[in-house]
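Structure data follow from final14.txt (compact mmCIF, N, CA and C atoms):
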# COMPACT_ATOMS: atom_id res chain seq x y z
N MET Y 152 6.78 38.38 60.73
CA MET Y 152 7.31 37.16 60.20
C MET Y 152 6.24 36.11 59.97
N SER Y 153 5.28 36.09 60.87
CA SER Y 153 4.21 35.13 60.71
C SER Y 153 3.40 35.45 59.47
N GLU Y 154 3.35 36.73 59.05
CA GLU Y 154 2.63 37.10 57.85
C GLU Y 154 3.28 36.47 56.61
N LYS Y 155 4.59 36.36 56.58
CA LYS Y 155 5.29 35.78 55.44
C LYS Y 155 5.06 34.28 55.34
N LYS Y 156 4.95 33.62 56.46
CA LYS Y 156 4.76 32.17 56.46
C LYS Y 156 3.36 31.80 56.00
N ALA Y 157 2.41 32.58 56.30
CA ALA Y 157 1.03 32.27 55.93
C ALA Y 157 0.87 32.16 54.41
N PRO Y 158 1.39 33.11 53.60
CA PRO Y 158 1.24 32.95 52.16
C PRO Y 158 1.95 31.70 51.64
N ASP Y 159 3.11 31.34 52.21
CA ASP Y 159 3.81 30.13 51.78
C ASP Y 159 2.96 28.90 52.05
N LYS Y 160 2.36 28.86 53.22
CA LYS Y 160 1.50 27.73 53.56
C LYS Y 160 0.31 27.67 52.62
N LEU Y 161 -0.22 28.84 52.29
CA LEU Y 161 -1.36 28.91 51.40
C LEU Y 161 -0.97 28.42 50.00
N ALA Y 162 0.19 28.84 49.54
CA ALA Y 162 0.66 28.40 48.22
C ALA Y 162 0.86 26.90 48.21
N HIS Y 163 1.40 26.39 49.30
CA HIS Y 163 1.61 24.94 49.39
C HIS Y 163 0.27 24.20 49.39
N ALA Y 164 -0.69 24.75 50.10
CA ALA Y 164 -2.01 24.12 50.15
C ALA Y 164 -2.66 24.12 48.78
N LYS Y 165 -2.51 25.21 48.02
CA LYS Y 165 -3.08 25.27 46.67
C LYS Y 165 -2.44 24.22 45.78
N GLY Y 166 -1.14 24.06 45.89
CA GLY Y 166 -0.44 23.06 45.09
C GLY Y 166 -0.95 21.66 45.40
N THR Y 167 -1.26 21.41 46.64
CA THR Y 167 -1.79 20.12 47.05
C THR Y 167 -3.17 19.90 46.44
N GLN Y 168 -3.97 20.95 46.43
CA GLN Y 168 -5.30 20.84 45.86
C GLN Y 168 -5.22 20.53 44.37
N LYS Y 169 -4.29 21.18 43.66
CA LYS Y 169 -4.15 20.93 42.23
C LYS Y 169 -3.72 19.50 41.96
N SER Y 170 -2.77 18.99 42.74
CA SER Y 170 -2.31 17.62 42.51
C SER Y 170 -3.39 16.61 42.85
N ALA Y 171 -4.18 16.90 43.88
CA ALA Y 171 -5.28 16.01 44.23
C ALA Y 171 -6.33 16.04 43.13
N LYS Y 172 -6.57 17.23 42.59
CA LYS Y 172 -7.54 17.37 41.50
C LYS Y 172 -7.05 16.62 40.26
N GLY Y 173 -5.76 16.72 39.98
CA GLY Y 173 -5.17 15.99 38.84
C GLY Y 173 -5.29 14.49 39.02
N THR Y 174 -5.12 14.02 40.25
CA THR Y 174 -5.25 12.59 40.54
C THR Y 174 -6.68 12.13 40.32
N LYS Y 175 -7.64 12.96 40.76
CA LYS Y 175 -9.05 12.62 40.56
C LYS Y 175 -9.39 12.54 39.07
N GLN Y 176 -8.87 13.50 38.29
CA GLN Y 176 -9.13 13.50 36.85
C GLN Y 176 -8.52 12.27 36.18
N ALA Y 177 -7.33 11.90 36.60
CA ALA Y 177 -6.68 10.71 36.04
C ALA Y 177 -7.49 9.46 36.36
N ALA Y 178 -8.02 9.40 37.58
CA ALA Y 178 -8.84 8.25 37.98
C ALA Y 178 -10.13 8.19 37.16
N LYS Y 179 -10.73 9.36 36.91
CA LYS Y 179 -11.95 9.41 36.08
C LYS Y 179 -11.67 8.94 34.67
N LYS Y 180 -10.56 9.40 34.09
CA LYS Y 180 -10.18 8.99 32.73
C LYS Y 180 -9.95 7.48 32.67
N ALA Y 181 -9.28 6.95 33.67
CA ALA Y 181 -9.01 5.51 33.70
C ALA Y 181 -10.31 4.73 33.81
N ALA Y 182 -11.27 5.24 34.57
CA ALA Y 182 -12.55 4.55 34.72
C ALA Y 182 -13.35 4.57 33.42
N LEU Y 183 -13.17 5.61 32.62
CA LEU Y 183 -13.91 5.72 31.36
C LEU Y 183 -13.32 4.86 30.25
N ARG Y 184 -12.05 4.49 30.39
CA ARG Y 184 -11.44 3.64 29.35
C ARG Y 184 -12.13 2.29 29.32
N PRO Y 185 -12.40 1.80 28.12
CA PRO Y 185 -13.06 0.49 28.05
C PRO Y 185 -12.11 -0.61 28.49
N GLY Y 186 -12.67 -1.65 29.04
CA GLY Y 186 -11.87 -2.81 29.42
C GLY Y 186 -11.48 -3.58 28.18
N PRO Y 187 -10.84 -4.72 28.33
CA PRO Y 187 -10.45 -5.50 27.16
C PRO Y 187 -11.68 -5.93 26.37
N ARG Y 188 -11.60 -5.72 25.06
CA ARG Y 188 -12.69 -6.15 24.20
C ARG Y 188 -12.68 -7.66 24.09
N ALA Y 189 -13.76 -8.20 23.60
CA ALA Y 189 -13.88 -9.67 23.49
C ALA Y 189 -12.76 -10.23 22.63
N ASP Y 190 -12.40 -9.52 21.53
CA ASP Y 190 -11.36 -10.05 20.66
C ASP Y 190 -9.99 -9.98 21.31
N GLU Y 191 -9.79 -9.06 22.26
CA GLU Y 191 -8.52 -9.00 22.96
C GLU Y 191 -8.48 -10.03 24.09
N ALA Y 192 -9.63 -10.28 24.69
CA ALA Y 192 -9.68 -11.21 25.81
C ALA Y 192 -9.39 -12.63 25.35
N ASP Y 193 -9.88 -13.01 24.20
CA ASP Y 193 -9.64 -14.35 23.68
C ASP Y 193 -9.10 -14.23 22.26
N GLY Y 194 -7.81 -13.96 22.18
CA GLY Y 194 -7.17 -13.70 20.89
C GLY Y 194 -7.25 -14.83 19.90
N GLU Y 195 -7.08 -16.06 20.36
CA GLU Y 195 -7.07 -17.20 19.44
C GLU Y 195 -8.41 -17.34 18.71
N SER Y 196 -9.50 -17.26 19.45
CA SER Y 196 -10.80 -17.42 18.79
C SER Y 196 -11.09 -16.24 17.88
N ALA Y 197 -10.64 -15.04 18.25
CA ALA Y 197 -10.83 -13.87 17.40
C ALA Y 197 -10.04 -14.02 16.09
N VAL Y 198 -8.80 -14.50 16.19
CA VAL Y 198 -7.98 -14.72 14.99
C VAL Y 198 -8.60 -15.78 14.10
N LEU Y 199 -9.03 -16.88 14.70
CA LEU Y 199 -9.64 -17.95 13.91
C LEU Y 199 -10.94 -17.48 13.25
N ALA Y 200 -11.71 -16.65 13.96
CA ALA Y 200 -12.94 -16.11 13.38
C ALA Y 200 -12.62 -15.18 12.21
N LYS Y 201 -11.59 -14.37 12.35
CA LYS Y 201 -11.19 -13.46 11.28
C LYS Y 201 -10.72 -14.25 10.06
N ILE Y 202 -9.95 -15.30 10.29
CA ILE Y 202 -9.48 -16.15 9.19
C ILE Y 202 -10.67 -16.84 8.52
N ALA Y 203 -11.62 -17.33 9.31
CA ALA Y 203 -12.79 -18.02 8.77
C ALA Y 203 -13.64 -17.09 7.91
N ALA Y 204 -13.59 -15.79 8.18
CA ALA Y 204 -14.38 -14.82 7.42
C ALA Y 204 -13.70 -14.41 6.10
N MET Y 205 -12.47 -14.85 5.88
CA MET Y 205 -11.75 -14.50 4.65
C MET Y 205 -12.27 -15.32 3.47
N PRO Y 206 -12.12 -14.80 2.24
CA PRO Y 206 -12.50 -15.57 1.06
C PRO Y 206 -11.64 -16.84 0.94
N GLY Y 207 -12.16 -17.85 0.28
CA GLY Y 207 -11.56 -19.17 0.14
C GLY Y 207 -10.05 -19.30 0.14
N PRO Y 208 -9.36 -18.80 -0.90
CA PRO Y 208 -7.91 -19.03 -0.95
C PRO Y 208 -7.15 -18.37 0.21
N TYR Y 209 -7.62 -17.22 0.66
CA TYR Y 209 -6.95 -16.54 1.77
C TYR Y 209 -7.28 -17.21 3.09
N ARG Y 210 -8.45 -17.78 3.19
CA ARG Y 210 -8.82 -18.54 4.39
C ARG Y 210 -7.90 -19.73 4.55
N ALA Y 211 -7.70 -20.49 3.47
CA ALA Y 211 -6.82 -21.66 3.52
C ALA Y 211 -5.39 -21.23 3.87
N MET Y 212 -4.94 -20.12 3.29
CA MET Y 212 -3.59 -19.61 3.57
C MET Y 212 -3.49 -19.17 5.03
N GLY Y 213 -4.51 -18.49 5.53
CA GLY Y 213 -4.50 -18.03 6.91
C GLY Y 213 -4.51 -19.19 7.90
N GLU Y 214 -5.30 -20.22 7.61
CA GLU Y 214 -5.33 -21.40 8.48
C GLU Y 214 -3.98 -22.09 8.51
N ARG Y 215 -3.36 -22.20 7.34
CA ARG Y 215 -2.05 -22.86 7.27
C ARG Y 215 -0.98 -22.03 7.99
N LEU Y 216 -1.00 -20.71 7.79
CA LEU Y 216 -0.04 -19.84 8.48
C LEU Y 216 -0.23 -19.92 10.00
N HIS Y 217 -1.48 -19.95 10.44
CA HIS Y 217 -1.76 -20.07 11.87
C HIS Y 217 -1.11 -21.34 12.43
N ALA Y 218 -1.28 -22.44 11.73
CA ALA Y 218 -0.70 -23.70 12.18
C ALA Y 218 0.84 -23.65 12.18
N ILE Y 219 1.42 -23.06 11.15
CA ILE Y 219 2.88 -22.95 11.05
C ILE Y 219 3.43 -22.11 12.19
N ILE Y 220 2.79 -20.97 12.44
CA ILE Y 220 3.27 -20.06 13.49
C ILE Y 220 3.14 -20.71 14.86
N LYS Y 221 2.01 -21.35 15.12
CA LYS Y 221 1.82 -22.02 16.41
C LYS Y 221 2.86 -23.13 16.61
N ALA Y 222 3.18 -23.87 15.55
CA ALA Y 222 4.15 -24.95 15.65
C ALA Y 222 5.58 -24.42 15.77
N SER Y 223 5.87 -23.30 15.13
CA SER Y 223 7.23 -22.77 15.11
C SER Y 223 7.58 -21.97 16.35
N ALA Y 224 6.60 -21.30 16.92
CA ALA Y 224 6.88 -20.43 18.07
C ALA Y 224 5.69 -20.45 19.02
N SER Y 225 5.69 -21.39 19.93
CA SER Y 225 4.58 -21.52 20.87
C SER Y 225 4.51 -20.33 21.84
N ALA Y 226 5.58 -19.53 21.92
CA ALA Y 226 5.59 -18.36 22.80
C ALA Y 226 4.72 -17.23 22.26
N LEU Y 227 4.36 -17.29 20.98
CA LEU Y 227 3.54 -16.23 20.39
C LEU Y 227 2.06 -16.45 20.71
N THR Y 228 1.40 -15.36 21.00
CA THR Y 228 -0.02 -15.38 21.33
C THR Y 228 -0.82 -14.76 20.19
N PRO Y 229 -1.82 -15.47 19.67
CA PRO Y 229 -2.63 -14.89 18.60
C PRO Y 229 -3.48 -13.73 19.12
N ARG Y 230 -3.63 -12.72 18.28
CA ARG Y 230 -4.49 -11.58 18.59
C ARG Y 230 -4.81 -10.83 17.31
N LEU Y 231 -5.82 -9.99 17.35
CA LEU Y 231 -6.11 -9.15 16.19
C LEU Y 231 -5.31 -7.87 16.32
N TRP Y 232 -4.78 -7.40 15.19
CA TRP Y 232 -3.98 -6.19 15.15
C TRP Y 232 -4.43 -5.40 13.94
N TYR Y 233 -5.07 -4.27 14.16
CA TYR Y 233 -5.67 -3.48 13.07
C TYR Y 233 -6.60 -4.33 12.22
N GLY Y 234 -7.31 -5.25 12.87
CA GLY Y 234 -8.27 -6.10 12.17
C GLY Y 234 -7.65 -7.26 11.41
N MET Y 235 -6.36 -7.50 11.61
CA MET Y 235 -5.66 -8.59 10.92
C MET Y 235 -5.20 -9.63 11.93
N PRO Y 236 -5.14 -10.90 11.53
CA PRO Y 236 -4.54 -11.91 12.41
C PRO Y 236 -3.08 -11.56 12.66
N ALA Y 237 -2.70 -11.58 13.93
CA ALA Y 237 -1.32 -11.26 14.29
C ALA Y 237 -0.90 -12.15 15.46
N TYR Y 238 0.39 -12.16 15.73
CA TYR Y 238 0.95 -13.02 16.78
C TYR Y 238 1.93 -12.18 17.59
N ALA Y 239 1.72 -12.16 18.90
CA ALA Y 239 2.49 -11.28 19.77
C ALA Y 239 3.30 -12.05 20.79
N LYS Y 240 4.38 -11.43 21.22
CA LYS Y 240 5.22 -11.94 22.29
C LYS Y 240 5.28 -10.85 23.36
N ASP Y 241 4.90 -11.19 24.58
CA ASP Y 241 4.87 -10.22 25.67
C ASP Y 241 4.01 -9.00 25.32
N GLY Y 242 2.91 -9.23 24.61
CA GLY Y 242 1.99 -8.16 24.26
C GLY Y 242 2.38 -7.33 23.05
N LYS Y 243 3.54 -7.57 22.48
CA LYS Y 243 4.02 -6.81 21.32
C LYS Y 243 3.92 -7.67 20.07
N VAL Y 244 3.26 -7.16 19.04
CA VAL Y 244 3.08 -7.92 17.80
C VAL Y 244 4.42 -8.18 17.14
N VAL Y 245 4.63 -9.43 16.75
CA VAL Y 245 5.87 -9.84 16.09
C VAL Y 245 5.61 -10.06 14.60
N CYS Y 246 4.49 -10.73 14.26
CA CYS Y 246 4.18 -10.98 12.85
C CYS Y 246 2.68 -10.92 12.63
N PHE Y 247 2.29 -10.75 11.36
CA PHE Y 247 0.88 -10.61 11.02
C PHE Y 247 0.60 -11.13 9.62
N PHE Y 248 -0.66 -11.42 9.35
CA PHE Y 248 -1.11 -11.87 8.04
C PHE Y 248 -2.19 -10.92 7.55
N GLN Y 249 -2.02 -10.44 6.34
CA GLN Y 249 -2.98 -9.52 5.74
C GLN Y 249 -3.46 -10.10 4.42
N SER Y 250 -4.75 -10.39 4.34
CA SER Y 250 -5.27 -10.95 3.09
C SER Y 250 -5.27 -9.85 2.03
N ALA Y 251 -5.28 -10.25 0.78
CA ALA Y 251 -5.30 -9.28 -0.32
C ALA Y 251 -6.57 -8.45 -0.27
N GLN Y 252 -7.61 -9.02 0.25
CA GLN Y 252 -8.90 -8.36 0.34
C GLN Y 252 -8.82 -7.12 1.25
N LYS Y 253 -7.97 -7.14 2.27
CA LYS Y 253 -7.90 -6.06 3.25
C LYS Y 253 -7.69 -4.70 2.59
N PHE Y 254 -6.73 -4.62 1.66
CA PHE Y 254 -6.46 -3.35 0.98
C PHE Y 254 -6.61 -3.48 -0.53
N LYS Y 255 -7.33 -4.51 -0.95
CA LYS Y 255 -7.61 -4.76 -2.37
C LYS Y 255 -6.32 -4.80 -3.21
N THR Y 256 -5.38 -5.63 -2.74
CA THR Y 256 -4.13 -5.81 -3.47
C THR Y 256 -4.18 -7.14 -4.22
N ARG Y 257 -3.18 -7.39 -5.03
CA ARG Y 257 -3.19 -8.61 -5.83
C ARG Y 257 -2.53 -9.80 -5.13
N TYR Y 258 -2.06 -9.60 -3.92
CA TYR Y 258 -1.44 -10.70 -3.16
C TYR Y 258 -1.65 -10.47 -1.66
N ALA Y 259 -1.60 -11.54 -0.90
CA ALA Y 259 -1.65 -11.46 0.56
C ALA Y 259 -0.25 -11.09 1.06
N THR Y 260 -0.18 -10.63 2.29
CA THR Y 260 1.09 -10.22 2.87
C THR Y 260 1.30 -10.91 4.21
N PHE Y 261 2.49 -11.46 4.39
CA PHE Y 261 2.91 -11.95 5.70
C PHE Y 261 4.05 -11.04 6.12
N GLY Y 262 3.88 -10.35 7.25
CA GLY Y 262 4.88 -9.36 7.63
C GLY Y 262 5.32 -9.49 9.08
N PHE Y 263 6.38 -8.75 9.37
CA PHE Y 263 6.96 -8.72 10.71
C PHE Y 263 7.04 -7.29 11.19
N SER Y 264 6.84 -7.09 12.48
CA SER Y 264 6.97 -5.75 13.06
C SER Y 264 8.43 -5.51 13.44
N ASP Y 265 8.69 -4.32 13.95
CA ASP Y 265 10.05 -4.01 14.38
C ASP Y 265 10.46 -4.79 15.62
N LYS Y 266 9.53 -5.47 16.26
CA LYS Y 266 9.84 -6.29 17.45
C LYS Y 266 10.44 -7.64 17.06
N ALA Y 267 10.36 -8.01 15.79
CA ALA Y 267 10.91 -9.28 15.33
C ALA Y 267 12.43 -9.18 15.25
N ASN Y 268 13.11 -10.21 15.69
CA ASN Y 268 14.58 -10.24 15.68
C ASN Y 268 15.08 -10.78 14.34
N LEU Y 269 14.87 -10.01 13.29
CA LEU Y 269 15.28 -10.45 11.96
C LEU Y 269 16.45 -9.64 11.41
N ASP Y 270 17.00 -8.77 12.23
CA ASP Y 270 18.08 -7.90 11.77
C ASP Y 270 19.20 -8.71 11.12
N GLU Y 271 19.57 -8.26 9.94
CA GLU Y 271 20.61 -8.94 9.17
C GLU Y 271 21.38 -7.88 8.39
N GLY Y 272 22.48 -7.39 8.97
CA GLY Y 272 23.24 -6.34 8.32
C GLY Y 272 22.51 -5.01 8.40
N ALA Y 273 22.63 -4.21 7.36
CA ALA Y 273 22.03 -2.87 7.34
C ALA Y 273 20.64 -2.88 6.72
N MET Y 274 20.23 -4.01 6.10
CA MET Y 274 18.93 -4.06 5.44
C MET Y 274 18.40 -5.49 5.45
N TRP Y 275 17.09 -5.66 5.68
CA TRP Y 275 16.49 -6.98 5.68
C TRP Y 275 15.00 -6.84 5.36
N PRO Y 276 14.39 -7.87 4.83
CA PRO Y 276 12.95 -7.79 4.50
C PRO Y 276 12.09 -7.89 5.76
N THR Y 277 10.97 -7.17 5.74
CA THR Y 277 10.04 -7.24 6.87
C THR Y 277 8.65 -7.70 6.44
N ALA Y 278 8.41 -7.83 5.14
CA ALA Y 278 7.11 -8.30 4.66
C ALA Y 278 7.31 -9.10 3.38
N PHE Y 279 6.42 -10.08 3.20
CA PHE Y 279 6.52 -10.96 2.04
C PHE Y 279 5.17 -11.05 1.35
N ALA Y 280 5.18 -10.97 0.03
CA ALA Y 280 3.97 -11.17 -0.75
C ALA Y 280 3.72 -12.67 -0.86
N LEU Y 281 2.46 -13.07 -0.69
CA LEU Y 281 2.10 -14.49 -0.77
C LEU Y 281 0.99 -14.67 -1.80
N LYS Y 282 1.26 -15.47 -2.80
CA LYS Y 282 0.20 -15.81 -3.77
C LYS Y 282 -0.30 -17.22 -3.49
N GLU Y 283 0.58 -18.06 -2.93
CA GLU Y 283 0.21 -19.41 -2.52
C GLU Y 283 1.25 -19.90 -1.53
N LEU Y 284 0.91 -20.94 -0.80
CA LEU Y 284 1.85 -21.52 0.15
C LEU Y 284 2.25 -22.92 -0.32
N THR Y 285 3.50 -23.06 -0.67
CA THR Y 285 4.03 -24.38 -1.02
C THR Y 285 4.88 -24.85 0.17
N ALA Y 286 5.36 -26.05 0.10
CA ALA Y 286 6.20 -26.59 1.18
C ALA Y 286 7.43 -25.72 1.41
N ALA Y 287 7.99 -25.18 0.32
CA ALA Y 287 9.19 -24.33 0.44
C ALA Y 287 8.87 -23.04 1.21
N GLU Y 288 7.74 -22.40 0.86
CA GLU Y 288 7.36 -21.18 1.57
C GLU Y 288 7.04 -21.47 3.03
N GLU Y 289 6.36 -22.59 3.26
CA GLU Y 289 6.02 -22.95 4.64
C GLU Y 289 7.27 -23.14 5.48
N ALA Y 290 8.27 -23.81 4.93
CA ALA Y 290 9.53 -24.03 5.66
C ALA Y 290 10.23 -22.70 5.92
N ARG Y 291 10.24 -21.82 4.92
CA ARG Y 291 10.90 -20.52 5.08
C ARG Y 291 10.18 -19.67 6.14
N ILE Y 292 8.84 -19.68 6.11
CA ILE Y 292 8.08 -18.92 7.10
C ILE Y 292 8.33 -19.46 8.50
N GLY Y 293 8.34 -20.79 8.65
CA GLY Y 293 8.62 -21.39 9.94
C GLY Y 293 9.97 -20.97 10.48
N ALA Y 294 10.99 -20.97 9.63
CA ALA Y 294 12.33 -20.57 10.03
C ALA Y 294 12.37 -19.10 10.41
N LEU Y 295 11.70 -18.25 9.64
CA LEU Y 295 11.68 -16.81 9.93
C LEU Y 295 10.97 -16.53 11.26
N VAL Y 296 9.87 -17.21 11.51
CA VAL Y 296 9.14 -17.01 12.76
C VAL Y 296 10.00 -17.43 13.95
N LYS Y 297 10.69 -18.58 13.83
CA LYS Y 297 11.59 -19.00 14.92
C LYS Y 297 12.66 -17.97 15.18
N LYS Y 298 13.24 -17.44 14.10
CA LYS Y 298 14.29 -16.43 14.24
C LYS Y 298 13.72 -15.14 14.85
N ALA Y 299 12.52 -14.80 14.44
CA ALA Y 299 11.89 -13.55 14.90
C ALA Y 299 11.68 -13.54 16.41
N VAL Y 300 11.41 -14.68 17.02
CA VAL Y 300 11.15 -14.72 18.46
C VAL Y 300 12.39 -15.10 19.28
N SER Y 301 13.49 -15.38 18.61
CA SER Y 301 14.70 -15.79 19.34
C SER Y 301 15.35 -14.62 20.07
Using C-alpha cells, write down the structure that the file contains.
Amino acid sequence: MSEKKAPDKLAHAKGTQKSAKGTKQAAKKAALRPGPRADEADGESAVLAKIAAMPGPYRAMGERLHAIIKASASALTPRLWYGMPAYAKDGKVVCFFQSAQKFKTRYATFGFSDKANLDEGAMWPTAFALKELTAAEEARIGALVKKAVS
C-alpha cells in the first residue's frame, strides 16, 4: 500500500513544480514589460504636443476640440491613442480626434469609441467628418461629449 501512495505524492510534487515554474515565468514576463511610457504618464502634455505638431488648420481645430472636451466633460483624461489625441474615462477611450494628415484624407475626424454612451435606437453615428469648427459644430460636439460620459 505504501508503494501506491509514493507515486501519488510524486505526481503531486511534480504538479507543484510545474505551477511554481509557471509562476516564475509569469513574473519574468511581467518584469520584462515596459513601464508607462512618457506619453502615457503625462497624457495632457502628450496630447498638446501631438496637436502642436499638426499642420495649421488641424492644429487650430485640435486646440479648440481639446478646450471643448475639457469644458464639457472634466471626468475625461487626455491621452494618446494610436498616435491620436484621445480622451478617456476610467482608462477607456471615449472620444478621439484624427487629423486628415493621419491617413491622408480630405477631412479630419472626431469620433467616439464603443465606450461612449451615445446609443440611440438601433443605429447612431460614432464618427464625424470635420472640415471646420463653427459655433454650431462646437455646441453639438460639447453636447455629444457630455452625453458620451453620462
Give me, as a Markdown table, each residue of range 219-266 of chain Y that comes within 7 Å of range 189-211 of chain Y, together with its shortest interatomic pair and the distance in Å at one decimal, counting all atoms listed in the file, with rows ordered by chain and rising residue number.
| residue | atom | partner | partner_atom | distance |
| --- | --- | --- | --- | --- |
| Y:Thr228 | C | Y:Glu195 | N | 6.4 |
| Y:Pro229 | C | Y:Gly194 | C | 4.0 |
| Y:Arg230 | CA | Y:Gly194 | CA | 4.1 |
| Y:Leu231 | N | Y:Gly194 | CA | 5.3 |
| Y:Met235 | C | Y:Val198 | CA | 6.6 |
| Y:Pro236 | CA | Y:Val198 | CA | 5.1 |
| Y:Ala237 | N | Y:Val198 | CA | 6.2 |
| Y:Ser250 | CA | Y:Tyr209 | CA | 6.0 |
| Y:Ala251 | N | Y:Tyr209 | CA | 6.6 |
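Computed from the coordinates, the atom C of Cys246 in chain Y to CA of Phe263 in chain Y distance equals 5.2 Å.
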- Task: Fewer than 3 positions away in the same chain doesn't count, so skip those; otherwise give me all residues within 9 Å of Glu289 in chain Y, counting only C-alpha atoms, as a PyMOL selection string.
- Result: chain Y and resi 215-216+219+284-286+292-294
- Message: I need the residue nearest Gly234 in chain Y from this list: Y:Lys253, Y:Pro276, Y:Leu281, Y:His217. Use only C-alpha atoms for the distance.
- Response: Y:Lys253
- Could you pull the residues within 7 Å of range 267-273 of chain Y, counting only N, CA and C atoms, minus those fewer than 5 positions along the same chain, as a ChimeraX atom specification? /Y:244-246,298-301
- Run DSSP on the backbone of this structure and report the residues of range 270-299 of chain Y it assigns to helix (DSSP H, G or I), as JSON, numbers by chain. {"Y": [286, 287, 288, 289, 290, 291, 292, 293, 294, 295, 296, 297, 298, 299]}
- Item | Nearest residue to Thr260 in chain Y from the set Y:Lys297, Y:Trp275, Y:Gly242, Y:Ala280 (distances using only N, CA and C atoms) | Y:Ala280
- Note on the structure: As a check of understanding: the span from CA of Lys240 in chain Y to atom C of Glu283 in chain Y is 25.4 Å
- Message: Just checking: using only C-alpha atoms, which residue out of Y:Leu295, Y:Ala239, Y:Ala278, Y:Ala287 ends up closest to Lys266 in chain Y?
- Response: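 Selected residue with least distance to Lys266 in chain Y: Y:Ala239.
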- What separation in Å, quoted to one decimal, exists between CA of Gln249 in chain Y and CA of Met212 in chain Y?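 The value is 10.3 Å.
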Starting from 8 Å padding per side, set up an axis-aligned box that covers all listed atoms of range 263-278 of chain Y and hand over centre and edge lengths in Å, one decimal, as JSON.
{"center_x": 14.8, "center_y": -6.8, "center_z": 10.4, "size_x": 32.9, "size_y": 23.9, "size_z": 30.1}
